[in-house]
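Shown next: coords.cif, containing mmCIF, C-alpha atoms.
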data_upload
loop_
_atom_site.label_atom_id
_atom_site.label_comp_id
_atom_site.auth_asym_id
_atom_site.auth_seq_id
_atom_site.Cartn_x
_atom_site.Cartn_y
_atom_site.Cartn_z
CA MET A 1 35.33 -83.10 74.12
CA LYS A 2 36.58 -79.56 74.69
CA ALA A 3 40.22 -80.13 75.56
CA LEU A 4 43.15 -82.54 75.32
CA VAL A 5 45.97 -82.83 77.82
CA PHE A 6 49.19 -84.40 76.48
CA ASP A 7 51.91 -86.23 78.32
CA LEU A 8 55.39 -85.39 77.01
CA ASP A 9 57.97 -88.25 77.21
CA GLY A 10 56.92 -91.17 75.01
CA THR A 11 53.87 -89.24 73.78
CA LEU A 12 55.07 -86.00 72.15
CA VAL A 13 58.79 -86.76 72.39
CA ASP A 14 60.38 -90.09 71.41
CA SER A 15 62.58 -90.32 74.50
CA VAL A 16 61.58 -93.41 76.48
CA TYR A 17 64.33 -95.76 75.21
CA GLN A 18 66.97 -93.13 76.00
CA HIS A 19 65.47 -92.61 79.47
CA VAL A 20 65.64 -96.37 80.14
CA VAL A 21 69.29 -96.55 79.10
CA ALA A 22 70.14 -93.42 81.15
CA TRP A 23 68.43 -94.71 84.32
CA GLN A 24 69.97 -98.16 83.92
CA ARG A 25 73.42 -96.60 83.59
CA ALA A 26 72.77 -94.42 86.67
CA PHE A 27 71.83 -97.48 88.73
CA ALA A 28 74.84 -99.40 87.43
CA SER A 29 77.10 -96.53 88.54
CA GLU A 30 75.83 -97.22 92.07
CA GLY A 31 76.45 -100.95 91.67
CA ILE A 32 72.74 -101.76 91.19
CA ASP A 33 71.84 -104.08 88.29
CA LEU A 34 68.21 -103.43 87.26
CA ALA A 35 66.49 -104.91 84.20
CA GLY A 36 65.62 -102.38 81.50
CA LEU A 37 62.05 -103.67 81.57
CA GLU A 38 61.58 -102.76 85.23
CA ILE A 39 62.65 -99.19 84.53
CA HIS A 40 60.65 -98.99 81.30
CA ARG A 41 57.41 -100.01 83.01
CA ARG A 42 57.84 -97.23 85.59
CA ILE A 43 58.71 -94.41 83.19
CA GLY A 44 56.02 -91.73 83.24
CA MET A 45 55.88 -91.65 87.01
CA ASP A 46 57.53 -88.73 88.70
CA GLY A 47 61.27 -89.51 89.15
CA GLU A 48 61.08 -89.56 92.95
CA VAL A 49 58.00 -91.77 92.92
CA MET A 50 59.78 -94.12 90.49
CA LEU A 51 62.83 -94.39 92.72
CA ALA A 52 60.60 -95.10 95.72
CA ALA A 53 58.72 -97.76 93.73
CA LEU A 54 61.90 -99.53 92.56
CA ASP A 55 63.36 -99.27 96.06
CA ARG A 56 60.30 -100.95 97.57
CA THR A 57 59.84 -103.64 94.91
CA PHE A 58 63.47 -104.73 94.79
CA SER A 59 64.42 -103.93 98.42
CA LEU A 60 67.29 -101.75 97.23
CA GLY A 61 67.66 -99.89 100.54
CA LEU A 62 68.34 -96.56 98.79
CA ARG A 63 69.45 -93.73 101.06
CA ALA A 64 68.21 -90.16 100.46
CA GLU A 65 71.65 -89.06 99.29
CA GLN A 66 71.82 -92.03 96.90
CA ARG A 67 68.45 -91.08 95.36
CA ARG A 68 69.78 -87.60 94.69
CA VAL A 69 72.88 -89.09 93.05
CA LEU A 70 70.77 -91.43 90.89
CA ALA A 71 68.48 -88.61 89.74
CA SER A 72 71.41 -86.36 88.96
CA ARG A 73 73.34 -89.07 87.03
CA HIS A 74 70.18 -89.92 85.07
CA ASN A 75 69.89 -86.27 84.09
CA GLN A 76 73.52 -86.19 83.03
CA TYR A 77 73.40 -89.45 81.01
CA PHE A 78 70.12 -88.45 79.38
CA SER A 79 71.56 -85.04 78.44
CA ASN A 80 74.42 -86.84 76.69
CA MET A 81 71.82 -88.52 74.46
CA ARG A 82 69.71 -85.40 73.87
CA ASP A 83 70.73 -85.28 70.19
CA ASP A 84 69.13 -88.71 69.69
CA VAL A 85 65.74 -87.48 70.90
CA HIS A 86 63.16 -86.04 68.50
CA LEU A 87 59.48 -85.15 68.47
CA VAL A 88 57.16 -88.01 67.46
CA ALA A 89 55.56 -87.74 64.03
CA GLN A 90 53.23 -84.71 63.75
CA ALA A 91 53.57 -83.65 67.39
CA ASP A 92 54.43 -80.25 65.90
CA ARG A 93 50.97 -80.17 64.26
CA ILE A 94 48.84 -80.36 67.42
CA ALA A 95 48.17 -76.64 67.61
CA ALA A 96 47.30 -76.48 63.91
CA ALA A 97 44.99 -79.50 64.17
CA LEU A 98 43.10 -78.50 67.33
CA GLU A 99 42.65 -74.74 66.91
CA PRO A 100 40.29 -74.98 63.90
CA VAL A 101 37.98 -77.33 65.83
CA ASP A 102 38.04 -75.17 68.99
CA VAL A 103 39.73 -77.74 71.17
CA ARG A 104 42.12 -76.32 73.76
CA TRP A 105 45.20 -78.23 74.85
CA ALA A 106 47.86 -78.44 77.52
CA ILE A 107 50.98 -80.45 78.36
CA VAL A 108 51.39 -82.23 81.70
CA THR A 109 54.69 -83.98 82.30
CA SER A 110 56.50 -85.67 85.18
CA GLY A 111 59.68 -84.13 83.80
CA THR A 112 61.17 -80.85 84.96
CA GLN A 113 61.08 -77.51 83.19
CA ASN A 114 64.71 -78.19 82.39
CA ASP A 115 63.79 -81.50 80.66
CA VAL A 116 60.96 -80.10 78.56
CA GLY A 117 62.44 -76.71 77.68
CA PRO A 118 64.25 -77.85 74.51
CA PHE A 119 61.04 -79.21 72.96
CA LEU A 120 58.51 -76.45 73.72
CA HIS A 121 59.34 -74.26 70.76
CA ALA A 122 59.00 -77.09 68.19
CA LEU A 123 55.70 -78.12 69.83
CA HIS A 124 54.34 -74.54 69.53
CA ALA A 125 53.66 -74.79 73.26
CA ASP A 126 53.12 -71.04 73.43
CA ARG A 127 49.74 -71.83 71.87
CA ALA A 128 48.91 -74.35 74.65
CA ALA A 129 46.77 -73.24 77.61
CA ALA A 130 49.34 -74.54 80.08
CA VAL A 131 52.57 -76.53 80.39
CA ILE A 132 52.70 -78.21 83.78
CA THR A 133 55.97 -79.79 84.91
CA SER A 134 57.08 -81.51 88.10
CA ASP A 135 58.54 -78.18 89.24
CA GLU A 136 55.00 -77.19 90.26
CA ARG A 137 54.53 -77.88 93.93
CA VAL A 138 51.84 -80.51 93.55
CA PRO A 139 52.19 -84.31 93.65
CA SER A 140 53.15 -85.50 90.18
CA LYS A 141 51.73 -88.33 88.01
CA PRO A 142 50.39 -90.92 88.66
CA ALA A 143 48.63 -88.58 91.13
CA PRO A 144 45.78 -86.70 89.41
CA HIS A 145 46.76 -83.28 90.85
CA PRO A 146 48.64 -81.87 87.85
CA LEU A 147 45.79 -82.92 85.56
CA ALA A 148 43.32 -81.07 87.82
CA ARG A 149 45.54 -78.02 87.54
CA ALA A 150 45.57 -78.34 83.74
CA PHE A 151 41.76 -78.60 83.55
CA GLU A 152 41.55 -75.41 85.63
CA ALA A 153 43.89 -73.60 83.24
CA LEU A 154 41.86 -74.94 80.31
CA GLY A 155 38.56 -73.91 81.90
CA VAL A 156 36.98 -77.34 81.37
CA GLU A 157 35.40 -80.00 83.53
CA PRO A 158 37.42 -83.27 83.63
CA HIS A 159 34.67 -85.18 81.83
CA ASP A 160 34.97 -82.79 78.88
CA ALA A 161 38.69 -83.51 78.51
CA GLY A 162 40.90 -86.32 77.21
CA VAL A 163 44.33 -87.26 78.55
CA VAL A 164 46.74 -88.55 75.89
CA GLY A 165 49.65 -90.62 77.18
CA ASP A 166 51.89 -93.61 76.51
CA SER A 167 52.03 -95.11 80.00
CA VAL A 168 49.66 -96.84 82.37
CA TRP A 169 50.43 -93.99 84.84
CA ASP A 170 48.81 -91.53 82.46
CA MET A 171 45.73 -93.76 82.25
CA LEU A 172 45.64 -94.16 86.05
CA ALA A 173 45.93 -90.40 86.62
CA SER A 174 43.26 -89.75 84.00
CA ARG A 175 40.87 -92.20 85.57
CA GLU A 176 41.39 -90.66 89.01
CA ALA A 177 40.88 -87.17 87.58
CA GLY A 178 37.66 -88.22 85.83
CA SER A 179 38.76 -87.63 82.24
CA LEU A 180 38.98 -89.83 79.15
CA GLY A 181 42.23 -91.81 78.82
CA ILE A 182 43.68 -92.06 75.31
CA GLY A 183 46.76 -94.24 74.79
CA VAL A 184 49.60 -94.02 72.27
CA LEU A 185 52.14 -96.78 71.63
CA THR A 186 55.21 -94.60 71.04
CA GLY A 187 56.50 -95.17 74.59
CA GLY A 188 56.80 -98.89 73.88
CA ASN A 189 54.07 -100.05 76.25
CA GLY A 190 51.71 -102.76 75.03
CA ARG A 191 48.31 -101.97 73.61
CA SER A 192 46.64 -104.32 76.08
CA ASP A 193 48.48 -102.82 79.05
CA LEU A 194 46.99 -99.46 78.15
CA PHE A 195 43.48 -100.83 77.59
CA GLU A 196 43.68 -102.74 80.87
CA SER A 197 44.57 -99.49 82.64
CA GLY A 198 41.44 -97.83 81.36
CA ALA A 199 42.33 -96.38 77.97
CA PHE A 200 39.22 -95.65 75.93
CA ARG A 201 41.21 -95.89 72.69
CA VAL A 202 44.83 -96.63 71.81
CA TYR A 203 46.56 -95.13 68.75
CA ARG A 204 49.93 -95.92 67.25
CA ASP A 205 51.11 -92.33 67.68
CA ILE A 206 50.01 -88.70 67.71
CA ALA A 207 49.85 -88.72 63.90
CA GLU A 208 47.18 -91.44 63.96
CA LEU A 209 45.23 -89.70 66.74
CA LEU A 210 45.13 -86.44 64.75
CA GLN A 211 43.74 -88.36 61.75
CA ARG A 212 40.97 -89.84 63.89
CA LEU A 213 39.86 -87.09 66.22
CA GLU A 214 36.19 -87.95 65.65
CA GLU A 215 36.76 -91.26 67.44
CA VAL A 216 37.48 -89.45 70.71
CA GLY A 217 34.50 -87.12 70.40
CA ILE A 218 36.04 -84.18 68.54
CA GLN A 219 33.94 -83.00 65.62
CA ALA A 220 35.71 -81.81 62.51
CA ARG A 221 34.25 -78.58 61.13
CA MET B 1 59.69 -131.66 77.08
CA LYS B 2 63.25 -132.77 76.37
CA ALA B 3 64.96 -129.55 75.34
CA LEU B 4 64.77 -125.75 75.48
CA VAL B 5 66.10 -123.37 72.85
CA PHE B 6 66.84 -119.84 74.06
CA ASP B 7 66.91 -116.60 72.14
CA LEU B 8 69.74 -114.29 73.27
CA ASP B 9 68.99 -110.52 73.01
CA GLY B 10 66.13 -109.56 75.34
CA THR B 11 65.90 -113.12 76.65
CA LEU B 12 69.29 -114.06 78.14
CA VAL B 13 70.90 -110.65 77.75
CA ASP B 14 69.24 -107.35 78.71
CA SER B 15 70.22 -105.54 75.54
CA VAL B 16 67.05 -104.52 73.68
CA TYR B 17 66.89 -100.89 74.86
CA GLN B 18 70.52 -100.38 73.88
CA HIS B 19 69.88 -101.97 70.47
CA VAL B 20 66.95 -99.60 69.88
CA VAL B 21 69.03 -96.54 70.76
CA ALA B 22 71.95 -97.79 68.60
CA TRP B 23 69.74 -98.46 65.54
CA GLN B 24 67.92 -95.15 65.95
CA ARG B 25 71.25 -93.34 66.08
CA ALA B 26 72.45 -95.23 62.99
CA PHE B 27 69.34 -94.19 61.04
CA ALA B 28 69.69 -90.59 62.25
CA SER B 29 73.27 -90.56 60.95
CA GLU B 30 71.79 -91.23 57.51
CA GLY B 31 69.18 -88.50 57.97
CA ILE B 32 66.35 -90.95 58.65
CA ASP B 33 64.09 -90.22 61.65
CA LEU B 34 62.48 -93.48 62.84
CA ALA B 35 60.42 -93.89 66.02
CA GLY B 36 62.06 -96.04 68.70
CA LEU B 37 58.89 -98.12 68.83
CA GLU B 38 59.16 -99.12 65.17
CA ILE B 39 62.68 -100.40 65.74
CA HIS B 40 61.80 -102.05 69.05
CA ARG B 41 58.95 -104.06 67.53
CA ARG B 42 61.30 -105.44 64.85
CA ILE B 43 64.22 -106.38 67.13
CA GLY B 44 64.72 -110.15 67.15
CA MET B 45 64.54 -110.39 63.40
CA ASP B 46 67.78 -110.87 61.57
CA GLY B 47 69.35 -107.42 60.96
CA GLU B 48 69.04 -107.63 57.16
CA VAL B 49 65.43 -108.76 57.41
CA MET B 50 64.72 -105.89 59.80
CA LEU B 51 66.23 -103.33 57.42
CA ALA B 52 64.18 -104.76 54.55
CA ALA B 53 61.02 -104.62 56.70
CA LEU B 54 61.57 -101.00 57.76
CA ASP B 55 62.48 -100.08 54.18
CA ARG B 56 59.24 -101.54 52.86
CA THR B 57 56.93 -100.23 55.61
CA PHE B 58 58.25 -96.67 55.60
CA SER B 59 59.27 -96.48 51.90
CA LEU B 60 62.79 -95.47 52.88
CA GLY B 61 64.31 -96.37 49.52
CA LEU B 62 67.49 -97.77 51.13
CA ARG B 63 70.31 -98.63 48.75
CA ALA B 64 72.45 -101.75 49.33
CA GLU B 65 75.45 -99.63 50.29
CA GLN B 66 73.29 -97.67 52.76
CA ARG B 67 72.11 -100.89 54.41
CA ARG B 68 75.73 -101.90 54.95
CA VAL B 69 76.47 -98.48 56.47
CA LEU B 70 73.43 -98.72 58.78
CA ALA B 71 74.38 -102.22 59.97
CA SER B 72 77.97 -101.20 60.56
CA ARG B 73 77.05 -97.99 62.46
CA HIS B 74 74.57 -99.94 64.59
CA ASN B 75 77.37 -102.35 65.50
CA GLN B 76 79.65 -99.47 66.38
CA TYR B 77 77.09 -97.56 68.48
CA PHE B 78 75.99 -100.74 70.25
CA SER B 79 79.61 -101.61 71.03
CA ASN B 80 79.99 -98.20 72.67
CA MET B 81 77.20 -99.21 75.10
CA ARG B 82 78.46 -102.76 75.69
CA ASP B 83 79.34 -101.92 79.31
CA ASP B 84 75.65 -101.14 79.99
CA VAL B 85 74.55 -104.63 78.91
CA HIS B 86 74.28 -107.49 81.40
CA LEU B 87 72.79 -110.95 81.57
CA VAL B 88 69.17 -111.08 82.77
CA ALA B 89 68.59 -112.43 86.28
CA GLN B 90 69.64 -116.09 86.59
CA ALA B 91 70.51 -116.56 82.93
CA ASP B 92 73.82 -117.88 84.29
CA ARG B 93 71.89 -120.64 86.10
CA ILE B 94 70.30 -122.30 83.05
CA ALA B 95 72.86 -125.09 82.79
CA ALA B 96 72.65 -125.77 86.54
CA ALA B 97 68.84 -125.82 86.46
CA LEU B 98 68.37 -128.01 83.38
CA GLU B 99 71.12 -130.62 83.72
CA PRO B 100 69.66 -132.30 86.83
CA VAL B 101 66.31 -132.76 85.07
CA ASP B 102 67.91 -134.10 81.87
CA VAL B 103 66.76 -131.25 79.69
CA ARG B 104 69.22 -130.27 76.95
CA TRP B 105 69.46 -126.69 75.75
CA ALA B 106 70.76 -124.49 72.96
CA ILE B 107 70.98 -120.82 72.01
CA VAL B 108 69.65 -119.51 68.69
CA THR B 109 70.19 -115.83 67.98
CA SER B 110 69.77 -113.44 65.06
CA GLY B 111 72.99 -111.79 66.26
CA THR B 112 76.44 -112.59 64.92
CA GLN B 113 79.16 -114.63 66.63
CA ASN B 114 80.81 -111.27 67.25
CA ASP B 115 77.69 -110.01 69.11
CA VAL B 116 77.22 -113.04 71.31
CA GLY B 117 80.86 -113.87 72.07
CA PRO B 118 81.20 -111.68 75.16
CA PHE B 119 78.27 -113.39 76.89
CA LEU B 120 78.90 -117.07 76.18
CA HIS B 121 81.31 -117.65 79.05
CA ALA B 122 78.98 -116.19 81.70
CA LEU B 123 76.09 -118.23 80.26
CA HIS B 124 78.14 -121.47 80.52
CA ALA B 125 77.35 -121.95 76.85
CA ASP B 126 80.04 -124.64 76.61
CA ARG B 127 77.46 -126.82 78.35
CA ALA B 128 74.80 -126.05 75.67
CA ALA B 129 74.27 -128.50 72.80
CA ALA B 130 74.64 -125.72 70.23
CA VAL B 131 74.97 -121.95 69.81
CA ILE B 132 73.54 -120.93 66.46
CA THR B 133 74.19 -117.39 65.21
CA SER B 134 73.31 -115.54 62.02
CA ASP B 135 76.80 -116.41 60.73
CA GLU B 136 75.44 -119.85 59.84
CA ARG B 137 74.42 -119.92 56.23
CA VAL B 138 70.72 -120.45 56.81
CA PRO B 139 67.88 -117.89 56.77
CA SER B 140 67.67 -116.32 60.23
CA LYS B 141 64.66 -115.73 62.52
CA PRO B 142 61.75 -115.26 62.00
CA ALA B 143 62.46 -118.13 59.55
CA PRO B 144 62.35 -121.49 61.36
CA HIS B 145 65.60 -122.79 59.80
CA PRO B 146 68.00 -122.06 62.69
CA LEU B 147 65.55 -123.66 65.13
CA ALA B 148 65.45 -126.79 62.96
CA ARG B 149 69.23 -126.86 63.05
CA ALA B 150 69.17 -126.55 66.86
CA PHE B 151 66.69 -129.43 67.22
CA GLU B 152 69.00 -131.54 65.08
CA ALA B 153 71.97 -130.73 67.32
CA LEU B 154 69.84 -131.45 70.38
CA GLY B 155 68.62 -134.74 68.93
CA VAL B 156 64.95 -133.94 69.60
CA GLU B 157 61.77 -133.67 67.59
CA PRO B 158 60.34 -130.12 67.46
CA HIS B 159 57.26 -131.11 69.45
CA ASP B 160 59.50 -132.22 72.33
CA ALA B 161 61.19 -128.80 72.53
CA GLY B 162 60.31 -125.32 73.78
CA VAL B 163 61.55 -122.04 72.31
CA VAL B 164 62.09 -119.28 74.87
CA GLY B 165 62.13 -115.74 73.50
CA ASP B 166 61.09 -112.14 74.12
CA SER B 167 59.81 -111.23 70.68
CA VAL B 168 56.90 -112.13 68.46
CA TRP B 169 59.50 -113.28 65.90
CA ASP B 170 60.62 -116.02 68.29
CA MET B 171 57.02 -117.13 68.70
CA LEU B 172 56.45 -117.05 64.93
CA ALA B 173 59.60 -119.09 64.24
CA SER B 174 58.65 -121.55 66.99
CA ARG B 175 55.17 -122.02 65.58
CA GLU B 176 56.56 -122.62 62.09
CA ALA B 177 59.10 -125.09 63.45
CA GLY B 178 56.43 -126.99 65.38
CA SER B 179 57.74 -126.37 68.91
CA LEU B 180 56.24 -124.80 72.04
CA GLY B 181 56.63 -121.00 72.25
CA ILE B 182 57.47 -119.61 75.69
CA GLY B 183 57.60 -115.83 76.11
CA VAL B 184 59.60 -113.63 78.48
CA LEU B 185 58.94 -109.93 79.07
CA THR B 186 62.54 -108.76 79.45
CA GLY B 187 62.72 -107.49 75.87
CA GLY B 188 59.95 -104.99 76.65
CA ASN B 189 57.27 -106.55 74.45
CA GLY B 190 53.75 -106.75 75.83
CA ARG B 191 52.41 -109.94 77.40
CA SER B 192 49.41 -109.91 75.07
CA ASP B 193 51.55 -109.41 71.99
CA LEU B 194 53.41 -112.61 72.87
CA PHE B 195 50.23 -114.57 73.62
CA GLU B 196 48.66 -113.33 70.39
CA SER B 197 51.72 -114.63 68.51
CA GLY B 198 51.22 -118.10 69.89
CA ALA B 199 53.08 -118.17 73.21
CA PHE B 200 51.90 -121.06 75.38
CA ARG B 201 53.05 -119.23 78.52
CA VAL B 202 54.68 -115.87 79.23
CA TYR B 203 57.06 -115.30 82.16
CA ARG B 204 58.50 -112.09 83.52
CA ASP B 205 62.06 -113.32 82.96
CA ILE B 206 64.32 -116.38 82.89
CA ALA B 207 64.39 -116.41 86.72
CA GLU B 208 60.62 -116.90 86.84
CA LEU B 209 60.71 -119.58 84.13
CA LEU B 210 63.35 -121.56 86.02
CA GLN B 211 61.12 -121.47 89.12
CA ARG B 212 58.16 -122.82 87.18
CA LEU B 213 59.60 -125.43 84.81
CA GLU B 214 56.75 -127.83 85.61
CA GLU B 215 54.36 -125.42 83.86
CA VAL B 216 56.08 -126.02 80.52
CA GLY B 217 56.16 -129.78 80.93
CA ILE B 218 59.53 -130.27 82.62
CA GLN B 219 59.34 -132.60 85.61
CA ALA B 220 61.50 -131.83 88.61
CA ARG B 221 63.26 -134.91 90.01
#
Would you mind giving the structure from this file in structure tokens?
Amino acid sequence: MKALVFDLDGTLVDSVYQHVVAWQRAFASEGIDLAGLEIHRRIGMDGEVMLAALDRTFSLGLRAEQRRVLASRHNQYFSNMRDDVHLVAQADRIAAALEPVDVRWAIVTSGTQNDVGPFLHALHADRAAAVITSDERVPSKPAPHPLARAFEALGVEPHDAGVVGDSVWDMLASREAGSLGIGVLTGGNGRSDLFESGAFRVYRDIAELLQRLEEVGIQAR
Amino acid sequence: MKALVFDLDGTLVDSVYQHVVAWQRAFASEGIDLAGLEIHRRIGMDGEVMLAALDRTFSLGLRAEQRRVLASRHNQYFSNMRDDVHLVAQADRIAAALEPVDVRWAIVTSGTQNDVGPFLHALHADRAAAVITSDERVPSKPAPHPLARAFEALGVEPHDAGVVGDSVWDMLASREAGSLGIGVLTGGNGRSDLFESGAFRVYRDIAELLQRLEEVGIQAR
């Protein structure tokens, strides 16, 4: 295992519950009552893909203008909760844990540069090989394209890399890209849901993964 | 099956994500950084039991006065989000669905009378045999005591009743009380987590349960 690619929301940043509340409030502002669960299960997809998925499943009949309003209100409501959102335990230690064992790393998120900006400094993301957001003009997760771009930046073959994420969309994208899916529970998804989506291992959080790197094929020196 | 006992938060009311955010904010106000997941997994316990559990697991060293402050701030922050919280789909149809098949019902919640008050009218709770809150002077869930009290009010033996809830604590209390545990996913807990805690069946939400009452031993007429 030569490289790890990390999802951001729910994996490095403890933000999923706030995202659910912000999306639910955005839908309510348009008179649409959606269960928190239905939003939660679709977090980790690209925002546009999520809106299309909810629209199809619940026959919401969203117009293009309405989707823009929903996305913009979600951004606004989430921003109002930004102070509640912190890094998960030891996410700030990734660089320090991986550099001594010669494992490169990158971040691939369905969020925008604007979303991730506030967290990059604390994550020491300047030491990552790449930070790929949905601003890049490639299809976003659960499509495998941004992972392929990360592997290119890392200079590794997919089968030499692991993808660490909290959602089944991370596991789906990893499987399509040909890399090893590694789940974490910090996004509130069930252990079994992650295993059933192809996770090779599931850890409580990043802190537990960093304590057990050997289990995903990374040799301590 | 002669009676059903329903949990409230996450089961009849879509409030779990807001409770997580409110508790997390309360802890942060005391300088304590707790992952949303750790709070989420303990929702459904009585508030005092939950604080004791988090205190023990994470060695927080909470003082009695601090626990009172945390509980009070949680109440305040949750109240600020009250407008975001709605009944789950068809929770307002329970009375109409169960009365024609002669199944009695009750609500048992770890919340206070103050928490549940705003929802009782929409739930037609005046047609329930009992609404048992944590204000009653019995140990609250996951202890089986409030369920026993509900069975008494319903006039049924535990083995003739089902307990419908979204959390493993509902399933644990149901198992201890000797009734049938029935899970719903609307509180964001994993299907497998509920089955592993003894759920006989797990439904997406109350709407799906009401469509499939035969599966839990309730005969349509």
Output the contact residues of chain B with respect to chain A at a cut-off of 6 Å, based on all atoms listed in the file, as a tab-separated table (two decimals) with C-alpha atoms, keeping the file's coordinate frame.
chain	number	residue	atom	x	y	z
B	17	TYR	CA	66.89	-100.89	74.86
B	37	LEU	CA	58.89	-98.12	68.83
B	186	THR	CA	62.54	-108.76	79.45
B	188	GLY	CA	59.95	-104.99	76.65
B	190	GLY	CA	53.75	-106.75	75.83
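The interatomic distance for the pair CA of Glu208 (chain B) and CA of Leu54 (chain A) works out to 18.3 Å.
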CA of Gly162 (chain A) to CA of Asp46 (chain A), straight-line distance in Å: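 A separation of 20.4 Å between them.
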Report, in Å to a single decimal, how far apart CA of Trp23 (chain B) and CA of His74 (chain B) are.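 CA of His74 (chain B) sits 5.1 Å away from CA of Trp23 (chain B).
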Name the residues in contact with Ser110 (chain A) at a cut-off of 12 Å, using only C-alpha atoms, excluding same-chain residues fewer than 2 positions from it; report them as a PDB file with C-alpha atoms, in the frame of the given file.
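The result, stored in part04.pdb:
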ATOM      1  CA  PHE A   6      49.190 -84.400  76.480  1.00  0.00           C
ATOM      2  CA  ASP A   7      51.910 -86.230  78.320  1.00  0.00           C
ATOM      3  CA  LEU A   8      55.390 -85.390  77.010  1.00  0.00           C
ATOM      4  CA  ASP A   9      57.970 -88.250  77.210  1.00  0.00           C
ATOM      5  CA  GLY A  10      56.920 -91.170  75.010  1.00  0.00           C
ATOM      6  CA  ARG A  42      57.840 -97.230  85.590  1.00  0.00           C
ATOM      7  CA  ILE A  43      58.710 -94.410  83.190  1.00  0.00           C
ATOM      8  CA  GLY A  44      56.020 -91.730  83.240  1.00  0.00           C
ATOM      9  CA  MET A  45      55.880 -91.650  87.010  1.00  0.00           C
ATOM     10  CA  ASP A  46      57.530 -88.730  88.700  1.00  0.00           C
ATOM     11  CA  GLY A  47      61.270 -89.510  89.150  1.00  0.00           C
ATOM     12  CA  GLU A  48      61.080 -89.560  92.950  1.00  0.00           C
ATOM     13  CA  VAL A  49      58.000 -91.770  92.920  1.00  0.00           C
ATOM     14  CA  MET A  50      59.780 -94.120  90.490  1.00  0.00           C
ATOM     15  CA  ILE A 107      50.980 -80.450  78.360  1.00  0.00           C
ATOM     16  CA  VAL A 108      51.390 -82.230  81.700  1.00  0.00           C
ATOM     17  CA  THR A 112      61.170 -80.850  84.960  1.00  0.00           C
ATOM     18  CA  GLN A 113      61.080 -77.510  83.190  1.00  0.00           C
ATOM     19  CA  ASN A 114      64.710 -78.190  82.390  1.00  0.00           C
ATOM     20  CA  ASP A 115      63.790 -81.500  80.660  1.00  0.00           C
ATOM     21  CA  VAL A 116      60.960 -80.100  78.560  1.00  0.00           C
ATOM     22  CA  VAL A 131      52.570 -76.530  80.390  1.00  0.00           C
ATOM     23  CA  ILE A 132      52.700 -78.210  83.780  1.00  0.00           C
ATOM     24  CA  THR A 133      55.970 -79.790  84.910  1.00  0.00           C
ATOM     25  CA  SER A 134      57.080 -81.510  88.100  1.00  0.00           C
ATOM     26  CA  ASP A 135      58.540 -78.180  89.240  1.00  0.00           C
ATOM     27  CA  GLU A 136      55.000 -77.190  90.260  1.00  0.00           C
ATOM     28  CA  ARG A 137      54.530 -77.880  93.930  1.00  0.00           C
ATOM     29  CA  VAL A 138      51.840 -80.510  93.550  1.00  0.00           C
ATOM     30  CA  PRO A 139      52.190 -84.310  93.650  1.00  0.00           C
ATOM     31  CA  SER A 140      53.150 -85.500  90.180  1.00  0.00           C
ATOM     32  CA  LYS A 141      51.730 -88.330  88.010  1.00  0.00           C
ATOM     33  CA  PRO A 142      50.390 -90.920  88.660  1.00  0.00           C
ATOM     34  CA  ALA A 143      48.630 -88.580  91.130  1.00  0.00           C
ATOM     35  CA  PRO A 144      45.780 -86.700  89.410  1.00  0.00           C
ATOM     36  CA  HIS A 145      46.760 -83.280  90.850  1.00  0.00           C
ATOM     37  CA  PRO A 146      48.640 -81.870  87.850  1.00  0.00           C
ATOM     38  CA  LEU A 147      45.790 -82.920  85.560  1.00  0.00           C
ATOM     39  CA  GLY A 165      49.650 -90.620  77.180  1.00  0.00           C
ATOM     40  CA  SER A 167      52.030 -95.110  80.000  1.00  0.00           C
ATOM     41  CA  TRP A 169      50.430 -93.990  84.840  1.00  0.00           C
ATOM     42  CA  ASP A 170      48.810 -91.530  82.460  1.00  0.00           C
ATOM     43  CA  ALA A 173      45.930 -90.400  86.620  1.00  0.00           C
TER      44      ALA A 173
END
Quick one: apply the PyMOL selection byres ((chain A and resi 220) around 12) to the file and drop the selected residues here as an MDAnalysis selection string. chainID A and resid 1 97:103 210:219 221
Counting all atoms listed in the file, the residue of A:Leu60, A:Leu180, A:Val164, A:Val5 that sits nearest Tyr203 (chain A):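 Going through A:Leu60, A:Leu180, A:Val164, A:Val5 one by one, the smallest distance to Tyr203 (chain A) is for A:Val164.
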Selected by the PyMOL selection byres ((chain A and resi 157) around 12) in the shown coordinates: which residues, as a JSON list (two decimals) with C-alpha atoms, keeping the file's coordinate frame?
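New file expr_8.json:
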[["chain", "number", "residue", "atom", "x", "y", "z"],
["A", 1, "MET", "CA", 35.33, -83.10, 74.12],
["A", 2, "LYS", "CA", 36.58, -79.56, 74.69],
["A", 3, "ALA", "CA", 40.22, -80.13, 75.56],
["A", 4, "LEU", "CA", 43.15, -82.54, 75.32],
["A", 147, "LEU", "CA", 45.79, -82.92, 85.56],
["A", 148, "ALA", "CA", 43.32, -81.07, 87.82],
["A", 149, "ARG", "CA", 45.54, -78.02, 87.54],
["A", 150, "ALA", "CA", 45.57, -78.34, 83.74],
["A", 151, "PHE", "CA", 41.76, -78.60, 83.55],
["A", 152, "GLU", "CA", 41.55, -75.41, 85.63],
["A", 153, "ALA", "CA", 43.89, -73.60, 83.24],
["A", 154, "LEU", "CA", 41.86, -74.94, 80.31],
["A", 155, "GLY", "CA", 38.56, -73.91, 81.90],
["A", 156, "VAL", "CA", 36.98, -77.34, 81.37],
["A", 158, "PRO", "CA", 37.42, -83.27, 83.63],
["A", 159, "HIS", "CA", 34.67, -85.18, 81.83],
["A", 160, "ASP", "CA", 34.97, -82.79, 78.88],
["A", 161, "ALA", "CA", 38.69, -83.51, 78.51],
["A", 162, "GLY", "CA", 40.90, -86.32, 77.21],
["A", 177, "ALA", "CA", 40.88, -87.17, 87.58],
["A", 178, "GLY", "CA", 37.66, -88.22, 85.83],
["A", 179, "SER", "CA", 38.76, -87.63, 82.24],
["A", 180, "LEU", "CA", 38.98, -89.83, 79.15]]
